[in-house]
Structures are given as structure tokens and as C-alpha cells.
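Q: My structure is stored as input_37.pdb, with PDB, C-alpha atoms.
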```pdb
ATOM      1  CA  MET S  12      20.084  11.217  98.813
ATOM      2  CA  LYS S  13      20.309  13.918 101.458
ATOM      3  CA  CYS S  14      20.449  12.697 105.042
ATOM      4  CA  VAL S  15      20.515  14.136 108.536
ATOM      5  CA  ILE S  16      22.349  12.454 111.399
ATOM      6  CA  TYR S  17      20.629  12.623 114.775
ATOM      7  CA  SER S  18      22.583  11.634 117.874
ATOM      8  CA  ARG S  19      21.749  11.774 121.565
ATOM      9  CA  VAL S  20      23.352  10.827 124.874
ATOM     10  CA  SER S  21      21.651  10.926 128.257
ATOM     11  CA  THR S  22      24.451  12.299 130.426
ATOM     12  CA  THR S  23      27.153  14.918 130.046
ATOM     13  CA  HIS S  24      29.763  12.229 130.814
ATOM     14  CA  GLN S  25      28.950  10.517 127.507
ATOM     15  CA  THR S  26      29.787  11.663 124.000
ATOM     16  CA  VAL S  27      27.947  11.448 120.695
ATOM     17  CA  GLU S  28      31.191  11.229 118.721
ATOM     18  CA  ASN S  29      31.123   7.413 118.400
ATOM     19  CA  GLN S  30      27.566   7.542 117.047
ATOM     20  CA  ILE S  31      28.413  10.340 114.598
ATOM     21  CA  GLU S  32      31.555   8.605 113.327
ATOM     22  CA  GLU S  33      29.728   5.327 112.587
ATOM     23  CA  LEU S  34      26.798   7.119 110.935
ATOM     24  CA  ARG S  35      29.092   9.236 108.748
ATOM     25  CA  ALA S  36      30.808   6.037 107.562
ATOM     26  CA  ALA S  37      27.426   4.391 106.841
ATOM     27  CA  ALA S  38      26.265   7.459 104.879
ATOM     28  CA  LEU S  39      29.485   7.373 102.852
ATOM     29  CA  ARG S  40      28.996   3.655 102.070
ATOM     30  CA  MET S  41      25.423   4.307 100.916
ATOM     31  CA  GLY S  42      26.407   7.336  98.837
ATOM     32  CA  TRP S  43      24.251   9.688 100.915
ATOM     33  CA  ILE S  44      25.107  13.344 101.472
ATOM     34  CA  VAL S  45      25.044  14.420 105.131
ATOM     35  CA  VAL S  46      23.435  17.871 105.172
ATOM     36  CA  LYS S  47      23.276  18.271 108.954
ATOM     37  CA  GLU S  48      24.424  16.618 112.167
ATOM     38  CA  LEU S  49      22.080  17.201 115.097
ATOM     39  CA  ARG S  50      23.161  16.489 118.671
ATOM     40  CA  ASP S  51      21.242  16.340 121.939
ATOM     41  CA  GLU S  52      23.855  15.874 124.646
ATOM     42  CA  GLY S  53      22.991  15.195 128.282
ATOM     43  CA  ILE S  54      19.272  14.838 127.510
ATOM     44  CA  SER S  55      17.183  11.776 128.343
ATOM     45  CA  GLY S  56      15.195  10.105 125.578
ATOM     46  CA  ALA S  57      12.205  10.205 127.919
ATOM     47  CA  LYS S  58      12.113  13.994 127.511
ATOM     48  CA  GLY S  59       9.649  15.427 125.031
ATOM     49  CA  ARG S  60      10.389  17.228 121.813
ATOM     50  CA  SER S  61      10.276  20.646 123.492
ATOM     51  CA  ASP S  62      13.081  19.615 125.885
ATOM     52  CA  ARG S  63      15.306  18.242 123.106
ATOM     53  CA  PRO S  64      16.386  21.156 120.844
ATOM     54  CA  ALA S  65      18.120  19.030 118.210
ATOM     55  CA  PHE S  66      15.179  16.610 118.089
ATOM     56  CA  ASP S  67      12.833  19.568 117.618
ATOM     57  CA  GLN S  68      15.030  20.821 114.765
ATOM     58  CA  LEU S  69      14.934  17.306 113.264
ATOM     59  CA  HIS S  70      11.105  17.388 113.249
ATOM     60  CA  LYS S  71      11.174  20.751 111.479
ATOM     61  CA  MET S  72      13.625  19.494 108.839
ATOM     62  CA  ILE S  73      11.400  16.471 108.211
ATOM     63  CA  ALA S  74       8.267  18.612 107.918
ATOM     64  CA  ARG S  75      10.011  20.898 105.403
ATOM     65  CA  ARG S  76      11.299  17.841 103.468
ATOM     66  CA  GLU S  77      14.880  19.090 103.683
ATOM     67  CA  VAL S  78      16.179  15.510 103.848
ATOM     68  CA  ASP S  79      15.433  12.131 102.326
ATOM     69  CA  VAL S  80      16.795  10.008 105.192
ATOM     70  CA  VAL S  81      17.030  10.352 108.971
ATOM     71  CA  MET S  82      19.989   8.454 110.423
ATOM     72  CA  ALA S  83      20.270   7.438 114.085
ATOM     73  CA  TRP S  84      22.581   5.116 116.018
ATOM     74  CA  SER S  85      19.765   3.084 117.588
ATOM     75  CA  ILE S  86      16.003   3.273 117.972
ATOM     76  CA  ASP S  87      16.255   4.352 121.633
ATOM     77  CA  ARG S  88      18.139   7.499 120.544
ATOM     78  CA  LEU S  89      14.863   8.722 119.026
ATOM     79  CA  GLY S  90      12.592   7.976 121.994
ATOM     80  CA  ARG S  91      11.976   5.705 124.938
ATOM     81  CA  SER S  92       8.268   4.922 124.705
ATOM     82  CA  LEU S  93       6.443   3.045 121.972
ATOM     83  CA  LYS S  94       3.967   5.904 121.731
ATOM     84  CA  ASP S  95       6.684   8.526 121.121
ATOM     85  CA  LEU S  96       8.491   6.299 118.654
ATOM     86  CA  SER S  97       5.350   5.490 116.699
ATOM     87  CA  THR S  98       4.397   9.171 116.518
ATOM     88  CA  PHE S  99       7.852   9.988 115.168
ATOM     89  CA  ILE S 100       7.780   7.101 112.712
ATOM     90  CA  GLU S 101       4.315   8.103 111.446
ATOM     91  CA  GLU S 102       5.533  11.668 110.928
ATOM     92  CA  VAL S 103       8.581  10.475 108.986
ATOM     93  CA  GLN S 104       6.501   8.044 106.932
ATOM     94  CA  SER S 105       3.783  10.597 106.130
ATOM     95  CA  VAL S 106       6.204  12.890 104.307
ATOM     96  CA  GLY S 107       8.089  10.098 102.540
ATOM     97  CA  VAL S 108      11.347  10.393 104.472
ATOM     98  CA  ASN S 109      13.247   7.161 105.105
ATOM     99  CA  LEU S 110      14.711   6.058 108.420
ATOM    100  CA  TYR S 111      18.089   4.404 108.910
ATOM    101  CA  ILE S 112      18.787   2.916 112.368
ATOM    102  CA  HIS S 113      22.374   1.682 112.430
ATOM    103  CA  ASN S 114      22.486  -0.753 115.397
ATOM    104  CA  ASN S 115      19.053  -2.220 114.747
ATOM    105  CA  GLY S 116      19.698  -2.808 111.049
ATOM    106  CA  ILE S 117      16.622  -0.847 109.979
ATOM    107  CA  ASN S 118      16.615   0.919 106.631
ATOM    108  CA  THR S 119      13.117   1.818 105.456
ATOM    109  CA  ALA S 120      14.406   2.279 101.929
ATOM    110  CA  THR S 121      14.499  -1.552 101.757
ATOM    111  CA  PRO S 122      11.528  -3.969 101.772
ATOM    112  CA  ALA S 123      12.615  -5.461 105.142
ATOM    113  CA  GLY S 124      12.914  -1.969 106.623
ATOM    114  CA  LYS S 125       9.432  -1.078 105.399
ATOM    115  CA  LEU S 126       8.125  -4.219 107.101
ATOM    116  CA  ILE S 127       9.681  -3.135 110.423
ATOM    117  CA  PHE S 128       8.182   0.326 109.906
ATOM    118  CA  ASN S 129       4.707  -1.162 109.429
ATOM    119  CA  ILE S 130       5.094  -3.417 112.476
ATOM    120  CA  PHE S 131       5.883  -0.374 114.629
ATOM    121  CA  SER S 132       2.867   1.467 113.247
ATOM    122  CA  SER S 133       0.612  -1.544 113.893
ATOM    123  CA  LEU S 134       1.882  -1.919 117.456
ATOM    124  CA  ALA S 135       1.247   1.766 118.140
ATOM    125  CA  GLU S 136      -2.280   1.530 116.721
ATOM    126  CA  TRP S 137      -2.923  -1.574 118.850
ATOM    127  CA  GLU S 138      -1.648   0.248 121.961
ATOM    128  CA  ARG S 139      -3.917   3.256 121.259
ATOM    129  CA  GLU S 140      -6.928   0.931 120.813
ATOM    130  CA  ILE S 141      -6.239  -0.838 124.121
ATOM    131  CA  ILE S 142      -6.016   2.523 125.925
ATOM    132  CA  ARG S 143      -9.302   3.599 124.291
ATOM    133  CA  GLU S 144     -11.047   0.354 125.311
ATOM    134  CA  ARG S 145      -9.826   0.695 128.909
ATOM    135  CA  THR S 146     -11.000   4.298 129.048
ATOM    136  CA  LEU S 147     -14.469   3.400 127.742
ATOM    137  CA  ALA S 148     -14.716   0.472 130.184
ATOM    138  CA  GLY S 149     -13.797   2.794 133.065
ATOM    139  CA  ILE S 150     -16.436   5.332 132.003
ATOM    140  CA  ALA S 151     -19.097   2.612 131.716
ATOM    141  CA  ARG S 152     -18.187   1.259 135.170
ATOM    142  CA  ALA S 153     -18.313   4.752 136.709
ATOM    143  CA  ARG S 154     -21.748   5.410 135.187
ATOM    144  CA  LYS S 155     -23.024   2.021 136.366
ATOM    145  CA  GLU S 156     -21.885   2.880 139.897
ATOM    146  CA  GLY S 157     -23.825   6.134 139.683
ATOM    147  CA  HIS S 158     -20.879   8.520 139.389
ATOM    148  CA  THR S 159     -21.469  11.770 137.549
ATOM    149  CA  LEU S 160     -18.846  12.304 134.889
ATOM    150  CA  GLY S 161     -17.434  15.606 133.759
ATOM    151  CA  ARG S 162     -16.839  18.860 135.513
ATOM    152  CA  PRO S 163     -18.790  19.402 138.748
ATOM    153  CA  THR S 164     -21.713  21.770 138.278
ATOM    154  CA  ARG S 165     -22.710  24.676 140.474
ATOM    155  CA  VAL S 166     -26.275  24.505 139.126
ATOM    156  CA  ASN S 167     -28.832  23.227 141.635
ATOM    157  CA  ASP S 168     -32.618  23.356 142.081
ATOM    158  CA  GLY S 169     -32.467  26.969 143.291
ATOM    159  CA  THR S 170     -30.359  28.292 140.405
ATOM    160  CA  PRO S 171     -33.237  29.065 137.986
ATOM    161  CA  GLN S 172     -35.008  31.081 140.698
ATOM    162  CA  ALA S 173     -31.797  32.951 141.608
ATOM    163  CA  VAL S 174     -31.208  33.856 137.938
ATOM    164  CA  LYS S 175     -34.802  35.086 137.619
ATOM    165  CA  MET S 176     -34.518  37.192 140.789
ATOM    166  CA  LEU S 177     -31.167  38.788 139.833
ATOM    167  CA  ARG S 178     -32.438  39.504 136.322
ATOM    168  CA  ALA S 179     -35.545  41.165 137.792
ATOM    169  CA  GLN S 180     -33.196  43.428 139.787
ATOM    170  CA  GLY S 181     -31.726  44.597 136.456
ATOM    171  CA  MET S 182     -28.489  42.654 136.614
ATOM    172  CA  GLY S 183     -26.877  41.729 133.256
ATOM    173  CA  LYS S 184     -26.254  38.155 132.114
ATOM    174  CA  VAL S 185     -22.464  38.298 132.578
ATOM    175  CA  LYS S 186     -22.781  39.748 136.101
ATOM    176  CA  ILE S 187     -25.364  37.083 137.028
ATOM    177  CA  ALA S 188     -23.014  34.372 135.741
ATOM    178  CA  LYS S 189     -20.123  35.757 137.811
ATOM    179  CA  THR S 190     -22.283  36.161 140.904
ATOM    180  CA  LEU S 191     -23.636  32.605 140.759
ATOM    181  CA  ARG S 192     -20.345  31.215 139.350
ATOM    182  CA  ILE S 193     -22.066  29.572 136.403
ATOM    183  CA  GLY S 194     -21.734  29.978 132.643
ATOM    184  CA  VAL S 195     -23.345  32.799 130.682
ATOM    185  CA  GLY S 196     -24.988  30.192 128.442
ATOM    186  CA  THR S 197     -26.610  28.610 131.507
ATOM    187  CA  VAL S 198     -27.897  32.030 132.618
ATOM    188  CA  ASP S 199     -29.267  32.647 129.129
ATOM    189  CA  LYS S 200     -31.000  29.241 129.151
ATOM    190  CA  PHE S 201     -32.740  29.961 132.478
ATOM    191  CA  ILE S 202     -33.811  33.451 131.331
ATOM    192  CA  LYS S 203     -35.410  31.963 128.208
ATOM    193  CA  LEU S 204     -37.151  29.258 130.273
ATOM    194  CA  ALA S 205     -38.562  31.892 132.634
ATOM    195  CA  ALA S 206     -39.956  33.993 129.773
TER     196      ALA S 206
END
```
Could you spell out this file's structure in C-alpha cells?
A:
Amino acid sequence: MKCVIYSRVSTTHQTVENQIEELRAAALRMGWIVVKELRDEGISGAKGRSDRPAFDQLHKMIARREVDVVMAWSIDRLGRSLKDLSTFIEEVQSVGVNLYIHNNGINTATPAGKLIFNIFSSLAEWEREIIRERTLAGIARARKEGHTLGRPTRVNDGTPQAVKMLRAQGMGKVKIAKTLRIGVGTVDKFIKLAA
């Protein structure tokens, strides 16, 4: 099996060498071929993919199915939040790549590792559902209190008359929209209503 080693340290005073050495030894024991070693040095795990060049390259290798296994020292090397971790795990799982996390004893090529994988996915789904429920509850409360949701509108009771007047002066729809600072579709709607 082809594997990629991903290592990360948060500060420039730390080194990834200990992680790499242990992961190379584990790959050798498993009979895996290390095709690439990716290193993000001095980069926090809280940073996104775009701020972690090696992590971005890892995503691309996974998407292209260049490897069968992703190896990391510990789960926190891949990400700090449950949301980020679950997104990564779902991506890995969707293309059939396995995950080996050395310190946490996770190897998704085994039944126990697959169980851990599924627990992470379930927790992430549960977290997304809770966020969704809270958002919907907040929207319902805001509506009940009489708050208008969405972008503030510049349309008022005088807008249809203003559109009609500017159109009568020969002004085009786009110019009317810019003048009144409303959308062209809104202008078009009021012109059709006036006809």
C-alpha cells in the first residue's frame, strides 16, 4: 500500500523529525511504501487548509487517489476543531483512503479503526444538526419579535411612483435602479405593475 506521511508543528522552535521517524518505522512494520512526506512547520492546526501548504497538498493527493493511506502522528496534527476533522475524515473516507493515526491507535484499515471513523462522522453530523436547530430557533424567535430578516430594503411606499416618474422621463431600467439604489428586477416589477 502507498502511504503519505503528514506532520505538523505549531512553532518554529519545534521539529517534525520525531513524528516522521516514528511514522516511517510504522510504515515499514506494516509493509507500506512511503511515497511522500509532507511537513507544515510553525503552523497552527487552527489554521485553514489555505494557510497550511502541506495540508493543502495532502488534500490534493487524496482527491487524485495517489495514496492508499494517510499517516499522521496524532489526530490534532490534522486539525483542532471537530468540524475540520470531520470534514477531512469524510473526504478521506469518500475516496476510499485509509487513515493511520499513530498516537491514538487509529487504523481505519481495521474493524476497530472503521468504528472510530464512523463515531467521528456521527459526532460531526450531530454537531451540524445542533447548529441547524439553533439557527432555526433564532430565526423563529426573531420573526416572533417582529424583526425583519434578510438584507434591508430601500423600497418604500413611494418607490413605485418614483420608478413610474423616472421611466416617464425616458430613463432606462438600469439607470433608474442606480438612481433609486434598488435592483433592476424590482424596477422591472414596478414598471409591469404600472402598465
Q: Determine the residue set returned by the PyMOL selection byres ((chain S and resi 155-172) around 9) for the present structure, and present it as a list in words.
A: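 What the PyMOL selection byres ((chain S and resi 155-172) around 9) grabs from the file is Ile150, Ala151, Arg152, Ala153, Arg154, Ala173, Val174, Lys175, Met176, Leu177, Leu191, Arg192, Ile193, Thr197, Val198, Phe201, Ile202, Leu204 and Ala205 of chain S.
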Q: At what distance in Å, to one decimal, does CA of Leu134 (chain S) lie from CA of Thr146 (chain S)?
A: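 Separating CA of Thr146 (chain S) from CA of Leu134 (chain S) is a distance of 18.4 Å.
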Q: From the set S:His113, S:Lys71, S:Arg76, S:Arg19, which residue has the shortest atom-to-atom contact distance to Arg88 (chain S), counting all atoms listed in the file?
A: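 Smallest separation from Arg88 (chain S) among the options: S:Arg19.
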Q: Would you pick out the contacts of region 121-125 of chain S at 12 Å or less, using all atoms listed in the file, so that residues sharing its chain but fewer than 5 positions from it are not included, and give the list as a PyMOL selection string?
A: chain S and resi 100+104+107-113+115-116+130-132
Q: Which polymer residues have any atom within 8 Å of an atom of Ser55 (chain S), counting only C-alpha atoms, with same-chain residues fewer than 3 positions away left out, as a PDB file with C-alpha atoms, in the coordinates of the input?
A:
```
ATOM      1  CA  VAL S  20      23.352  10.827 124.874  1.00  0.00           C
ATOM      2  CA  SER S  21      21.651  10.926 128.257  1.00  0.00           C
ATOM      3  CA  THR S  22      24.451  12.299 130.426  1.00  0.00           C
ATOM      4  CA  LYS S  58      12.113  13.994 127.511  1.00  0.00           C
TER       5      LYS S  58
END
```
Q: Hey, which of S:Leu49, S:Met12, S:Leu96, S:Ile117 ends up closest to Glu136 (chain S)? Count all atoms listed in the file.
A: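 Nearest candidate to Glu136 (chain S) out of S:Leu49, S:Met12, S:Leu96, S:Ile117: S:Leu96.
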Q: Can you work out which one of S:Ala37, S:Ala120, S:Val81, S:Ala57 has the shortest atom-to-atom distance to Leu69 (chain S), counting all atoms listed in the file?
A: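 For Leu69 (chain S), the nearest of the candidates is S:Val81.
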Q: Can you tell me how far CA of Gln68 (chain S) sits from CA of Thr23 (chain S), in Å to one decimal?
A: 20.4 Å
Q: Smallest atom-to-atom distance to Val80 (chain S): which of S:Gln180, S:Ser18, S:Gln30, S:Thr119, using only C-alpha atoms?
A: S:Thr119
Q: Please enumerate the residues selected by the PyMOL selection byres ((chain S and resi 43) around 12) when evaluated against the supplied file, formatted as a PyMOL selection string.
A: chain S and resi 12-16+34-42+44-47+78-82+111
Q: Centre and edge lengths of an axis-aligned box around all listed atoms of region 48-66 of chain S, with 3 Å added on each side, are to be given in Å to one decimal, as JSON.
A:
```
{"center_x": 17.0, "center_y": 15.6, "center_z": 120.3, "size_x": 20.8, "size_y": 17.1, "size_z": 22.2}
```
Q: How many Å separate CA of Ala83 (chain S) from CA of Glu138 (chain S)?
A: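 Spanning CA of Ala83 (chain S) to CA of Glu138 (chain S) is a straight-line distance of 24.4 Å.
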